[in-house]
$ cat coords21.pdb   # PDB, C-alpha atoms
ATOM      1  CA  MET A   1      -2.756  64.212  50.972
ATOM      2  CA  ALA A   2      -6.118  63.054  52.395
ATOM      3  CA  GLU A   3      -9.141  63.469  50.209
ATOM      4  CA  ARG A   4     -12.884  63.098  50.442
ATOM      5  CA  ASP A   5     -15.522  62.672  47.773
ATOM      6  CA  VAL A   6     -17.468  65.704  46.612
ATOM      7  CA  PRO A   7     -21.066  64.933  47.661
ATOM      8  CA  GLU A   8     -23.201  64.014  44.664
ATOM      9  CA  GLY A   9     -25.703  66.832  45.096
ATOM     10  CA  LEU A  10     -23.271  69.598  46.021
ATOM     11  CA  ILE A  11     -23.066  70.935  42.475
ATOM     12  CA  PRO A  12     -25.566  70.327  39.662
ATOM     13  CA  HIS A  13     -23.175  68.685  37.158
ATOM     14  CA  ARG A  14     -23.952  65.035  36.443
ATOM     15  CA  GLY A  15     -22.685  62.125  34.359
ATOM     16  CA  PRO A  16     -20.076  62.981  31.734
ATOM     17  CA  ALA A  17     -20.396  66.665  32.631
ATOM     18  CA  ARG A  18     -19.118  65.986  36.143
ATOM     19  CA  LEU A  19     -15.331  66.435  36.165
ATOM     20  CA  VAL A  20     -14.656  67.216  39.810
ATOM     21  CA  GLN A  21     -14.549  64.190  42.119
ATOM     22  CA  THR A  22     -12.781  64.866  45.401
ATOM     23  CA  VAL A  23     -11.678  67.601  47.773
ATOM     24  CA  LEU A  24      -8.070  67.267  48.872
ATOM     25  CA  ASP A  25      -6.928  68.434  52.284
ATOM     26  CA  ASP A  26      -4.661  71.432  52.046
ATOM     27  CA  PRO A  27      -3.178  73.496  54.873
ATOM     28  CA  ARG A  28      -3.836  76.759  53.080
ATOM     29  CA  THR A  29      -7.052  78.367  54.262
ATOM     30  CA  ASP A  30      -7.644  80.563  51.228
ATOM     31  CA  VAL A  31      -7.657  77.854  48.587
ATOM     32  CA  LEU A  32      -9.633  74.741  47.697
ATOM     33  CA  VAL A  33      -7.890  71.837  46.018
ATOM     34  CA  CYS A  34      -9.974  69.311  44.086
ATOM     35  CA  GLY A  35      -9.183  66.125  42.252
ATOM     36  CA  GLY A  36     -10.961  65.151  39.073
ATOM     37  CA  ARG A  37     -10.616  63.962  35.519
ATOM     38  CA  ILE A  38     -12.087  64.343  32.070
ATOM     39  CA  PRO A  39     -14.457  61.387  31.712
ATOM     40  CA  ALA A  40     -13.653  59.001  28.885
ATOM     41  CA  ASP A  41     -17.215  59.462  27.622
ATOM     42  CA  SER A  42     -16.970  63.247  27.588
ATOM     43  CA  ALA A  43     -18.422  64.871  24.485
ATOM     44  CA  PHE A  44     -15.052  66.564  24.043
ATOM     45  CA  ALA A  45     -12.798  63.485  24.253
ATOM     46  CA  VAL A  46     -11.642  61.912  21.023
ATOM     47  CA  GLY A  47      -9.375  58.882  21.022
ATOM     48  CA  GLY A  48      -8.921  59.123  24.764
ATOM     49  CA  ARG A  49      -7.738  62.740  24.788
ATOM     50  CA  ALA A  50      -9.408  66.127  25.090
ATOM     51  CA  PRO A  51      -8.247  69.678  24.368
ATOM     52  CA  ALA A  52      -6.523  71.225  27.379
ATOM     53  CA  VAL A  53      -9.157  73.981  27.488
ATOM     54  CA  ILE A  54     -11.559  71.381  28.893
ATOM     55  CA  ALA A  55      -9.477  71.471  32.070
ATOM     56  CA  LEU A  56     -10.913  74.971  32.571
ATOM     57  CA  GLU A  57     -14.229  73.227  33.230
ATOM     58  CA  LEU A  58     -12.628  71.233  36.037
ATOM     59  CA  ALA A  59     -11.369  74.477  37.547
ATOM     60  CA  ALA A  60     -14.808  76.072  37.183
ATOM     61  CA  GLN A  61     -16.412  73.105  38.919
ATOM     62  CA  ALA A  62     -13.839  73.314  41.725
ATOM     63  CA  ALA A  63     -14.828  76.963  42.106
ATOM     64  CA  ALA A  64     -18.470  75.853  42.289
ATOM     65  CA  VAL A  65     -17.542  73.374  45.015
ATOM     66  CA  GLN A  66     -15.841  76.114  46.995
ATOM     67  CA  GLN A  67     -18.917  78.310  46.575
ATOM     68  CA  ALA A  68     -21.230  75.493  47.664
ATOM     69  CA  LEU A  69     -19.154  74.590  50.704
ATOM     70  CA  ALA A  70     -19.292  78.226  51.805
ATOM     71  CA  ALA A  71     -23.092  78.379  51.428
ATOM     72  CA  PRO A  72     -25.423  77.970  54.406
ATOM     73  CA  VAL A  73     -26.249  74.354  55.265
ATOM     74  CA  GLY A  74     -29.383  73.282  53.377
ATOM     75  CA  ALA A  75     -29.123  76.011  50.757
ATOM     76  CA  ALA A  76     -30.508  75.018  47.358
ATOM     77  CA  VAL A  77     -28.033  73.790  44.745
ATOM     78  CA  ARG A  78     -27.864  76.430  42.030
ATOM     79  CA  PRO A  79     -25.989  76.285  38.731
ATOM     80  CA  GLY A  80     -22.938  78.483  38.507
ATOM     81  CA  TYR A  81     -22.279  79.942  35.089
ATOM     82  CA  LEU A  82     -18.821  80.683  33.781
ATOM     83  CA  VAL A  83     -19.070  84.293  32.619
ATOM     84  CA  ALA A  84     -15.462  85.278  31.943
ATOM     85  CA  VAL A  85     -11.935  83.964  31.548
ATOM     86  CA  ARG A  86      -8.916  86.227  31.813
ATOM     87  CA  ALA A  87      -5.180  85.682  31.468
ATOM     88  CA  ALA A  88      -5.475  81.977  30.697
ATOM     89  CA  ALA A  89      -2.187  80.316  29.756
ATOM     90  CA  PHE A  90      -1.967  76.737  28.510
ATOM     91  CA  ARG A  91       1.181  74.630  28.921
ATOM     92  CA  ALA A  92      -0.304  71.596  27.152
ATOM     93  CA  ASP A  93      -2.248  71.090  23.950
ATOM     94  CA  ASP A  94      -4.412  68.265  25.194
ATOM     95  CA  VAL A  95      -4.849  65.995  28.187
ATOM     96  CA  ALA A  96      -5.616  62.320  28.536
ATOM     97  CA  ALA A  97      -9.140  61.390  29.534
ATOM     98  CA  ALA A  98      -9.718  59.366  32.691
ATOM     99  CA  VAL A  99      -6.391  60.493  34.151
ATOM    100  CA  GLY A 100      -6.225  62.262  37.499
ATOM    101  CA  LEU A 101      -5.976  66.047  37.455
ATOM    102  CA  VAL A 102      -5.784  68.534  40.310
ATOM    103  CA  ALA A 103      -7.479  71.934  40.322
ATOM    104  CA  THR A 104      -6.451  74.584  42.826
ATOM    105  CA  VAL A 105      -8.796  77.538  43.158
ATOM    106  CA  ARG A 106      -8.497  80.687  45.242
ATOM    107  CA  ARG A 107     -11.387  83.106  45.462
ATOM    108  CA  THR A 108     -10.074  86.605  44.919
ATOM    109  CA  GLY A 109     -13.310  88.549  44.847
ATOM    110  CA  GLN A 110     -17.041  88.274  45.481
ATOM    111  CA  ALA A 111     -19.868  90.715  44.821
ATOM    112  CA  GLY A 112     -23.315  89.208  45.221
ATOM    113  CA  PRO A 113     -23.705  86.328  42.752
ATOM    114  CA  LEU A 114     -20.443  87.201  40.984
ATOM    115  CA  ALA A 115     -17.150  85.697  42.108
ATOM    116  CA  THR A 116     -13.615  85.675  40.742
ATOM    117  CA  TYR A 117     -11.050  82.902  41.177
ATOM    118  CA  ASP A 118      -7.413  82.377  40.360
ATOM    119  CA  VAL A 119      -7.077  78.773  39.209
ATOM    120  CA  THR A 120      -4.375  76.281  38.329
ATOM    121  CA  VAL A 121      -4.806  72.782  36.917
ATOM    122  CA  THR A 122      -1.996  70.254  37.110
ATOM    123  CA  GLY A 123      -1.556  66.786  35.659
ATOM    124  CA  PRO A 124      -0.782  63.438  37.294
ATOM    125  CA  GLU A 125       2.931  64.212  37.648
ATOM    126  CA  GLY A 126       2.251  67.676  39.007
ATOM    127  CA  GLU A 127       2.953  69.321  35.683
ATOM    128  CA  GLU A 128       1.100  72.567  35.096
ATOM    129  CA  ILE A 129      -1.580  72.373  32.426
ATOM    130  CA  LEU A 130      -3.102  75.805  32.767
ATOM    131  CA  THR A 131      -3.453  78.907  34.867
ATOM    132  CA  ALA A 132      -6.304  81.400  34.566
ATOM    133  CA  THR A 133      -8.628  83.817  36.286
ATOM    134  CA  LEU A 134     -12.272  82.771  36.115
ATOM    135  CA  SER A 135     -15.426  84.714  36.889
ATOM    136  CA  THR A 136     -18.641  82.878  37.721
ATOM    137  CA  HIS A 137     -22.228  83.892  38.318
ATOM    138  CA  VAL A 138     -24.490  81.812  40.502
ATOM    139  CA  GLY A 139     -27.889  81.555  38.860
ATOM    140  CA  ASP A 140     -31.363  81.081  40.273
TER     141      ASP A 140
ATOM    142  CA  MET B 141     -18.855  69.725   4.567
ATOM    143  CA  ALA B 142     -19.972  67.792   7.632
ATOM    144  CA  THR B 143     -17.188  67.434  10.148
ATOM    145  CA  GLU B 144     -17.680  67.222  13.895
ATOM    146  CA  ILE B 145     -15.654  69.401  16.259
ATOM    147  CA  PHE B 146     -17.162  67.702  19.302
ATOM    148  CA  ASP B 147     -19.979  65.261  19.741
ATOM    149  CA  GLY B 148     -23.206  66.623  18.346
ATOM    150  CA  LEU B 149     -21.797  69.810  16.811
ATOM    151  CA  THR B 150     -22.505  69.862  13.101
ATOM    152  CA  VAL B 151     -20.583  72.138  10.760
ATOM    153  CA  VAL B 152     -23.194  73.572   8.426
ATOM    154  CA  GLN B 153     -20.826  75.974   6.663
ATOM    155  CA  GLU B 154     -17.124  76.627   7.090
ATOM    156  CA  ALA B 155     -14.756  79.008   5.295
ATOM    157  CA  VAL B 156     -11.149  80.075   5.742
ATOM    158  CA  ASP B 157      -9.491  83.014   4.004
ATOM    159  CA  ALA B 158      -7.026  85.793   4.733
ATOM    160  CA  ALA B 159      -9.497  87.444   7.100
ATOM    161  CA  GLY B 160      -9.905  84.368   9.246
ATOM    162  CA  TRP B 161     -12.232  81.418   9.902
ATOM    163  CA  ARG B 162     -15.993  81.642   9.827
ATOM    164  CA  ALA B 163     -18.536  78.927  10.354
ATOM    165  CA  ARG B 164     -22.181  78.240  10.943
ATOM    166  CA  LEU B 165     -22.560  75.431  13.445
ATOM    167  CA  ARG B 166     -25.580  73.617  14.794
ATOM    168  CA  VAL B 167     -25.577  72.213  18.316
ATOM    169  CA  GLU B 168     -27.701  69.112  17.956
ATOM    170  CA  THR B 169     -30.251  68.383  20.649
ATOM    171  CA  THR B 170     -28.649  64.949  20.967
ATOM    172  CA  SER B 171     -25.159  66.289  21.725
ATOM    173  CA  ARG B 172     -23.559  64.581  24.723
ATOM    174  CA  ALA B 173     -22.244  68.022  25.685
ATOM    175  CA  PHE B 174     -25.664  68.624  27.271
ATOM    176  CA  ALA B 175     -25.678  65.370  29.240
ATOM    177  CA  GLY B 176     -25.690  66.313  32.912
ATOM    178  CA  HIS B 177     -25.209  70.014  32.192
ATOM    179  CA  PHE B 178     -27.788  70.528  33.650
ATOM    180  CA  GLU B 179     -30.681  68.133  34.254
ATOM    181  CA  GLY B 180     -33.920  69.747  33.106
ATOM    182  CA  GLN B 181     -32.058  72.901  32.084
ATOM    183  CA  PRO B 182     -29.554  71.890  29.396
ATOM    184  CA  ILE B 183     -27.005  74.498  28.363
ATOM    185  CA  LEU B 184     -23.754  74.171  26.475
ATOM    186  CA  PRO B 185     -20.671  74.328  28.727
ATOM    187  CA  GLY B 186     -18.750  77.531  28.075
ATOM    188  CA  VAL B 187     -15.561  75.606  27.359
ATOM    189  CA  ALA B 188     -17.260  74.121  24.283
ATOM    190  CA  HIS B 189     -16.828  77.503  22.579
ATOM    191  CA  LEU B 190     -13.123  77.345  23.320
ATOM    192  CA  VAL B 191     -12.886  73.908  21.681
ATOM    193  CA  ILE B 192     -14.359  75.537  18.582
ATOM    194  CA  VAL B 193     -11.679  78.237  18.747
ATOM    195  CA  CYS B 194      -8.985  75.527  18.951
ATOM    196  CA  HIS B 195     -10.441  73.981  15.797
ATOM    197  CA  ALA B 196     -10.421  77.376  14.057
ATOM    198  CA  LEU B 197      -6.770  77.984  14.937
ATOM    199  CA  ARG B 198      -5.871  74.642  13.350
ATOM    200  CA  ALA B 199      -8.011  75.418  10.306
ATOM    201  CA  MET B 200      -6.113  78.692   9.840
ATOM    202  CA  GLY B 201      -2.635  77.636  10.891
ATOM    203  CA  GLY B 202      -2.397  73.935  10.101
ATOM    204  CA  ALA B 203      -2.444  70.786  12.202
ATOM    205  CA  SER B 204       0.370  71.922  14.490
ATOM    206  CA  ALA B 205      -1.388  75.166  15.432
ATOM    207  CA  THR B 206      -2.559  75.187  19.030
ATOM    208  CA  LEU B 207      -4.078  77.439  21.665
ATOM    209  CA  ARG B 208      -1.467  78.999  23.942
ATOM    210  CA  ALA B 209      -3.407  81.710  25.767
ATOM    211  CA  LEU B 210      -6.784  83.341  26.227
ATOM    212  CA  PRO B 211      -6.172  86.921  27.320
ATOM    213  CA  SER B 212      -9.908  87.489  27.678
ATOM    214  CA  VAL B 213     -13.202  85.711  27.073
ATOM    215  CA  ARG B 214     -16.710  86.808  27.977
ATOM    216  CA  PHE B 215     -19.675  84.455  27.927
ATOM    217  CA  ARG B 216     -22.734  86.633  27.396
ATOM    218  CA  GLN B 217     -25.529  84.300  26.403
ATOM    219  CA  VAL B 218     -26.215  80.639  27.131
ATOM    220  CA  VAL B 219     -26.476  78.180  24.247
ATOM    221  CA  ARG B 220     -29.301  75.668  24.309
ATOM    222  CA  PRO B 221     -29.953  72.443  22.380
ATOM    223  CA  GLY B 222     -30.666  73.114  18.713
ATOM    224  CA  ASP B 223     -29.131  76.587  18.656
ATOM    225  CA  VAL B 224     -27.307  77.623  15.480
ATOM    226  CA  LEU B 225     -24.033  79.471  16.060
ATOM    227  CA  ASP B 226     -22.296  81.867  13.723
ATOM    228  CA  VAL B 227     -18.635  81.883  14.719
ATOM    229  CA  SER B 228     -15.889  84.193  13.518
ATOM    230  CA  VAL B 229     -12.212  83.825  14.465
ATOM    231  CA  ARG B 230     -10.076  86.525  12.864
ATOM    232  CA  SER B 231      -6.595  85.865  11.502
ATOM    233  CA  PRO B 232      -3.846  86.673  14.010
ATOM    234  CA  ASP B 233      -2.743  90.286  14.271
ATOM    235  CA  ALA B 234       0.881  91.359  14.476
ATOM    236  CA  ASP B 235       1.021  90.208  18.094
ATOM    237  CA  GLY B 236      -0.421  86.801  17.254
ATOM    238  CA  ARG B 237      -3.823  87.529  18.766
ATOM    239  CA  SER B 238      -7.052  86.423  17.138
ATOM    240  CA  ARG B 239     -10.322  88.049  18.117
ATOM    241  CA  PHE B 240     -13.337  85.785  18.052
ATOM    242  CA  ASP B 241     -17.053  85.966  18.575
ATOM    243  CA  VAL B 242     -20.012  83.624  18.610
ATOM    244  CA  ARG B 243     -23.501  84.804  17.719
ATOM    245  CA  ILE B 244     -26.923  83.223  17.913
ATOM    246  CA  GLY B 245     -28.839  85.144  15.289
ATOM    247  CA  ASP B 246     -28.333  88.787  16.206
ATOM    248  CA  THR B 247     -27.364  88.008  19.789
ATOM    249  CA  LEU B 248     -23.713  88.061  20.787
ATOM    250  CA  ALA B 249     -23.075  84.921  22.849
ATOM    251  CA  VAL B 250     -19.298  84.907  23.342
ATOM    252  CA  THR B 251     -16.461  87.331  22.636
ATOM    253  CA  GLY B 252     -12.778  86.888  23.244
ATOM    254  CA  VAL B 253      -9.168  86.994  22.207
ATOM    255  CA  ALA B 254      -7.039  83.898  21.620
ATOM    256  CA  HIS B 255      -3.315  83.582  21.209
ATOM    257  CA  GLY B 256      -2.141  80.646  19.157
ATOM    258  CA  GLY B 257       1.188  78.896  18.827
ATOM    259  CA  ARG B 258       2.772  75.738  17.520
ATOM    260  CA  ASP B 259       3.162  72.272  18.965
ATOM    261  CA  GLY B 260       6.488  71.486  20.541
TER     262      GLY B 260
END

$ encode --input "coords21.pdb" --output "structure tokens"
Amino acid sequence: MAERDVPEGLIPHRGPARLVQTVLDDPRTDVLVCGGRIPADSAFAVGGRAPAVIALELAAQAAAVQQALAAPVGAAVRPGYLVAVRAAAFRADDVAAAVGLVATVRRTGQAGPLATYDVTVTGPEGEEILTATLSTHVGD
Amino acid sequence: MATEIFDGLTVVQEAVDAAGWRARLRVETTSRAFAGHFEGQPILPGVAHLVIVCHALRAMGGASATLRALPSVRFRQVVRPGDVLDVSVRSPDADGRSRFDVRIGDTLAVTGVAHGGRDG
């Protein structure tokens, strides 16, 4: 699967807060697939592992990438805030830092600055780590 | 008691009893959780609250207790460097669900329901 880097300025996350790295080509038109990882220097990684809930942040950033790619060219980068999580199910307790993860996000609703996404995060062998529905709000 | 749940989160007070887990936590201005999130406008990532809930489930249920599901979570108020959080995670009900909330003073910052389980 071909992939391209997420441009540095596309979303406002930087340094150890930046989990999403690449956009992977996918034939489906209603989803965005992103590659990423939990940085080894994440505030939430201990002994090279982080709680699986941190993978929700990767999914939220993938949703922000989808939102940014859909925005008009030249639009200002605005933080997107995670405002709700529903029906999240975790198949793992923790995940290794610095190991490739894949987030698949599908926007299921949009009303002004509010958007809702169905998300899945999988591990390096394709194993499911979590599924959830996220709601985000794009701030000023 | 002075344990760290994640970098730069100081446990000021912590108690566990039959009703659940309660704690007062301080998010230090130096926490790496703020690094890059966001430049010039630091706020705590929402998932940080969920890491605290994972810790609470272990505090109530032992080291093998783990988070299995989050039926619902609402993030209502951003947390900034130096904020002090009062967190309450109730003991599981008959269906295994624990309600939780995070407050900053009188302001409700996060509410939700967690469903715990066991490793393996």

$ atom_distance --input "coords21.pdb" --atom1 "atom CA of B:Arg216" --atom2 "atom CA of B:Arg243"
9.9 Å

$ residues_around --input "coords21.pdb" --residues "A:Leu101" --least-positions-apart "2" --cutoff "6 Å" --atoms "all atoms listed in the file" --output "list in words"
Gly35, Gly36, Arg37, Thr122, Gly123 and Pro124 of chain A

$ atom_distance --input "coords21.pdb" --atom1 "atom CA of A:Ala70" --atom2 "atom CA of A:Cys34"
15.0 Å

$ atom_distance --input "coords21.pdb" --atom1 "atom CA of B:Gly202" --atom2 "atom CA of B:Ser238"
15.1 Å

$ closest_residue --input "coords21.pdb" --among "A:Val6, A:Ala43, A:Ala115, A:Val77" --to "chain B" --atoms "all atoms listed in the file"
A:Ala43

$ interface_residues --input "coords21.pdb" --of "chain A" --to "chain B" --cutoff "9 Å" --atoms "only C-alpha atoms" --output "ChimeraX atom specification"
/A:12-18,41-46,51-57,79,81-93,132

$ closest_residue --input "coords21.pdb" --among "A:Val95, A:Val20, A:Val102, A:Ala75" --to "A:Ala62" --atoms "only C-alpha atoms"
A:Val20

$ resolve_selection --input "coords21.pdb" --expression "the PyMOL selection byres ((chain A and resi 138) around 8)" --output "list in words"
Arg78, Pro79, Gly80, Tyr81, Pro113, Leu114, Thr136, His137, Gly139 and Asp140 of chain A

$ write_last_selection --input "coords21.pdb" --atoms "C-alpha atoms" --output "PDB file, in the frame of the given file"
ATOM      1  CA  ARG A  78     -27.864  76.430  42.030  1.00  0.00           C
ATOM      2  CA  PRO A  79     -25.989  76.285  38.731  1.00  0.00           C
ATOM      3  CA  GLY A  80     -22.938  78.483  38.507  1.00  0.00           C
ATOM      4  CA  TYR A  81     -22.279  79.942  35.089  1.00  0.00           C
ATOM      5  CA  PRO A 113     -23.705  86.328  42.752  1.00  0.00           C
ATOM      6  CA  LEU A 114     -20.443  87.201  40.984  1.00  0.00           C
ATOM      7  CA  THR A 136     -18.641  82.878  37.721  1.00  0.00           C
ATOM      8  CA  HIS A 137     -22.228  83.892  38.318  1.00  0.00           C
ATOM      9  CA  GLY A 139     -27.889  81.555  38.860  1.00  0.00           C
ATOM     10  CA  ASP A 140     -31.363  81.081  40.273  1.00  0.00           C
TER      11      ASP A 140
END

$ residues_around --input "coords21.pdb" --residues "A:Arg4" --least-positions-apart "2" --cutoff "7 Å" --atoms "only C-alpha atoms" --output "list in words"
Val6, Thr22, Val23 and Leu24 of chain A

$ axis_aligned_box --input "coords21.pdb" --around "stretch 206-224 of chain B" --padding-each-side "5 Å" --output "AutoDock Vina command-line options"
--center_x -16.1 --center_y 80.0 --center_z 21.7 --size_x 39.2 --size_y 25.0 --size_z 22.5

$ residues_around --input "coords21.pdb" --residues "B:Ala163" --least-positions-apart "3" --cutoff "10 Å" --atoms "all atoms listed in the file" --output "compact mmCIF listing (two decimals) with C-alpha atoms, in the frame of the given file"
# COMPACT_ATOMS: atom_id res chain seq x y z
CA VAL B 151 -20.58 72.14 10.76
CA VAL B 152 -23.19 73.57 8.43
CA GLN B 153 -20.83 75.97 6.66
CA GLU B 154 -17.12 76.63 7.09
CA ALA B 155 -14.76 79.01 5.30
CA VAL B 156 -11.15 80.08 5.74
CA ARG B 166 -25.58 73.62 14.79
CA ILE B 192 -14.36 75.54 18.58
CA ALA B 196 -10.42 77.38 14.06
CA LEU B 225 -24.03 79.47 16.06
CA ASP B 226 -22.30 81.87 13.72
CA VAL B 227 -18.64 81.88 14.72
CA SER B 228 -15.89 84.19 13.52
CA VAL B 229 -12.21 83.82 14.46
CA VAL B 242 -20.01 83.62 18.61

$ residues_around --input "coords21.pdb" --residues "A:Thr116" --least-positions-apart "3" --cutoff "8 Å" --atoms "all atoms listed in the file" --output "PDB file with C-alpha atoms, in the frame of the given file"
ATOM      1  CA  ARG A 107     -11.387  83.106  45.462  1.00  0.00           C
ATOM      2  CA  THR A 108     -10.074  86.605  44.919  1.00  0.00           C
ATOM      3  CA  GLY A 109     -13.310  88.549  44.847  1.00  0.00           C
ATOM      4  CA  GLN A 110     -17.041  88.274  45.481  1.00  0.00           C
ATOM      5  CA  THR A 133      -8.628  83.817  36.286  1.00  0.00           C
ATOM      6  CA  LEU A 134     -12.272  82.771  36.115  1.00  0.00           C
ATOM      7  CA  SER A 135     -15.426  84.714  36.889  1.00  0.00           C
ATOM      8  CA  THR A 136     -18.641  82.878  37.721  1.00  0.00           C
TER       9      THR A 136
END
